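Before any comments, here is the structure.
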Amino acid sequence: MNTRRRGSVSVPGGEVGYCIAGEEKPGIPLILIHGGPGGSYDGFVPLDALADERPVIFYDQLGSYRSPAPDDSSLWTLERYADELHAIRTALAPGPVHLLGQSFGAMLAVAYCERYGQSGISSLILSGPLISSPRWESDQRRLLSQMPQETRAVIGMHESCEVYDSPAYQEAMMEYYRRHLCRMEIWPDCLNRMFERIAAPIYLHMWGPSEFTVRGTLRNCDKTPVLAALRLPVLYTCGEFDEATPLTIREYQRMTDGAVLKVFTGASHSHHLEAEEEYIAVVRGFLGAK
């Protein structure tokens with residue numbers, strides 16, 4: 001069992017809760033950046049296994065579960081979340097670090113490199129990455145078009161009326177999630193906890209009412225131009241049936257000099273949970289080469 005230390009760090013707008021596993025280990029620290037927006041680090045629990053070689057830093061972004069804050073939408077910007085990450089890095093890992101961003105966390109990791117530069121960033125791991133909101137929305141609409149007609153009809157009817165809380169809509173959404181978010185018959189407790197703890201106001205403000213209806217402040221955000229400027233090792237990962245589709249992620253790989261890509265067969269957006277052992281082995285091997 002890896003040792004853990006928990007605490008909080010002052011960041012612009014408030015304080016965020018963190019946990020460090022393996023703080024005594026000699027390897028370059030790894031900072032984990034969760035998705036959402038408004039998620040939590042619960043979904044990263046299996047990555048504790050990497051703390052046998054290096055410190056692994058988990059944190060909840062401001063306004064999320066372990067980092068409560070007032071419902072102040074001025075705090076919910078990509079730029080402020082990048083400033084927050086810088087405060088965490090300065091306080092907990094001021095030397096070289098690896099960054100692993102999952103989903104929205106990948107966009108945040110790229111935005112951080114754009115805002116603060118790449119000095120001291122030993123590598124980036126971008127898992128199921130959201131890089132371009134318009135491209136993400138387009139991909140979700142294409143995946144939705146492949147769902148059964150009755151499912152599409154339920155989703156279309158409710159979205160046209162802007163009714164998102166009915167049981168029929170939620171069940172149709174779960175059918176979509178079971179194909180493209182997590183394909184495990186029984187979802188892991190850590191993933192269920194993340195969904196139960198999601199900060200809905202942040203998700204709605206920054207993203208929108210669903211994965212494929214993007215009306216929030218990120219709707220036009222596109223960080224693909226930053227990819228060509230990255231001059232550090234980059235690992236992209238996605239699942240075969242990921243919301244972050246292999247076709248799109250291969251394009252991001254081609255934009256990123258020297259980047260490598262791993263597609264996990266049979267998995268989806270939660271491939272770090274669906275193919276846990278393989279994912280940890282891939283990440284461990286990538287980090288070990290740095």
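Residues are named by chain letter and number: chains run A, B, ... in the order of the structure tokens, numbers start at 1 in each chain, and ligands are numbered from 1 in the order shown.
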
Query raised in the report: Got a sec: who's within 9 Å of range 5-16 of chain A, counting only C-alpha atoms, leaving out chain neighbours fewer than 4 positions off, as a ChimeraX atom specification?
Result: /A:20-23,59-64,66-69,75,80-81,83-88,91-92

**Report entry** Residues within 7 Å of range 123-137 of chain A, only C-alpha atoms, excluding chain neighbours under 4 positions, as a list in words
**Finding:**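 With the cut-off at 7 Å, the set is His98, Leu99, Leu100, Gly101, Gln102, Ser103, Phe104, Ala106, Met107, Arg141, Phe212, Val214, Leu218, Arg219, Asn220, Cys221, Asp222, Lys223, Thr224, Leu232, Pro233, Val234, Leu235, Tyr236, Thr237, Cys238, Asp242, Ala244 and His269 of chain A.
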
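Around Leu191 in chain A, within 10 Å and counting only C-alpha atoms, the residues found are Ser40, Tyr41, Asp42, Gly43, Phe44, Val45, Cys182, Trp187, Pro188, Asp189, Arg193, Met194, Phe195, Glu196, Arg197, Ser270 and Leu273 of chain A, once anything fewer than 2 positions away on its own chain is removed.
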
For the selection you just gave me, I'd like the residues written to a file as a compact mmCIF listing (two decimals), in the first residue's frame, keeping N, CA and C atoms.
```
# COMPACT_ATOMS: atom_id res chain seq x y z
N SER A 40 -14.18 14.76 -10.69
CA SER A 40 -13.37 14.61 -9.49
C SER A 40 -12.29 13.58 -9.79
N TYR A 41 -11.36 13.43 -8.88
CA TYR A 41 -10.28 12.49 -9.14
C TYR A 41 -10.65 11.05 -8.79
N ASP A 42 -11.91 10.79 -8.42
CA ASP A 42 -12.32 9.43 -8.06
C ASP A 42 -12.02 8.43 -9.17
N GLY A 43 -12.25 8.83 -10.41
CA GLY A 43 -12.03 7.92 -11.52
C GLY A 43 -10.58 7.52 -11.74
N PHE A 44 -9.67 8.23 -11.09
CA PHE A 44 -8.24 7.93 -11.24
C PHE A 44 -7.72 6.94 -10.19
N VAL A 45 -8.60 6.44 -9.32
CA VAL A 45 -8.15 5.62 -8.19
C VAL A 45 -7.19 4.50 -8.60
N CYS A 182 -18.36 3.91 -20.89
CA CYS A 182 -17.82 2.74 -20.17
C CYS A 182 -18.62 1.52 -20.58
N TRP A 187 -20.26 -1.06 -13.69
CA TRP A 187 -19.32 0.05 -13.61
C TRP A 187 -18.56 0.01 -12.29
N PRO A 188 -17.26 0.33 -12.32
CA PRO A 188 -16.47 0.37 -11.08
C PRO A 188 -17.02 1.41 -10.10
N ASP A 189 -16.86 1.12 -8.82
CA ASP A 189 -17.34 2.04 -7.79
C ASP A 189 -16.75 3.43 -7.97
N ARG A 193 -18.88 6.83 -8.25
CA ARG A 193 -18.69 7.94 -7.31
C ARG A 193 -18.43 9.24 -8.05
N MET A 194 -17.63 9.17 -9.11
CA MET A 194 -17.35 10.39 -9.87
C MET A 194 -18.62 10.99 -10.44
N PHE A 195 -19.49 10.13 -10.98
CA PHE A 195 -20.75 10.64 -11.54
C PHE A 195 -21.66 11.19 -10.45
N GLU A 196 -21.69 10.52 -9.31
CA GLU A 196 -22.53 10.99 -8.20
C GLU A 196 -22.06 12.34 -7.67
N ARG A 197 -20.76 12.60 -7.79
CA ARG A 197 -20.16 13.80 -7.19
C ARG A 197 -19.92 14.93 -8.19
N SER A 270 -13.60 5.34 -20.87
CA SER A 270 -13.02 4.97 -19.57
C SER A 270 -12.03 3.82 -19.73
N LEU A 273 -10.01 2.34 -16.98
CA LEU A 273 -10.71 1.43 -16.07
C LEU A 273 -11.07 0.12 -16.76
```

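Minimum distance to Thr151 in chain A across A:Leu50, A:Val163, A:Val226, A:Ala172 (counting only C-alpha atoms) occurs at A:Ala172.
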
Requested in this report: Considering only C-alpha atoms, return as a ChimeraX atom specification whatever protein or nucleic-acid residues lie within 9 Å of Glu159 in chain A, sequence-local ones (same chain, fewer than 6 positions apart) excluded.
Outcome: /A:169,209,213

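Using only C-alpha atoms, the nearest neighbour of Glu185 in chain A within the list A:Glu274, A:Tyr252, A:Gly95, A:Thr245 is A:Glu274.
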
Requested in this report: Check the smallest atom-to-atom distance from each of A:Ala267, A:Ala51, A:Val260, A:Leu78 to Glu243 in chain A using only C-alpha atoms, then report the winner.
Outcome: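 Smallest distance to Glu243 in chain A is found for A:Ala267.
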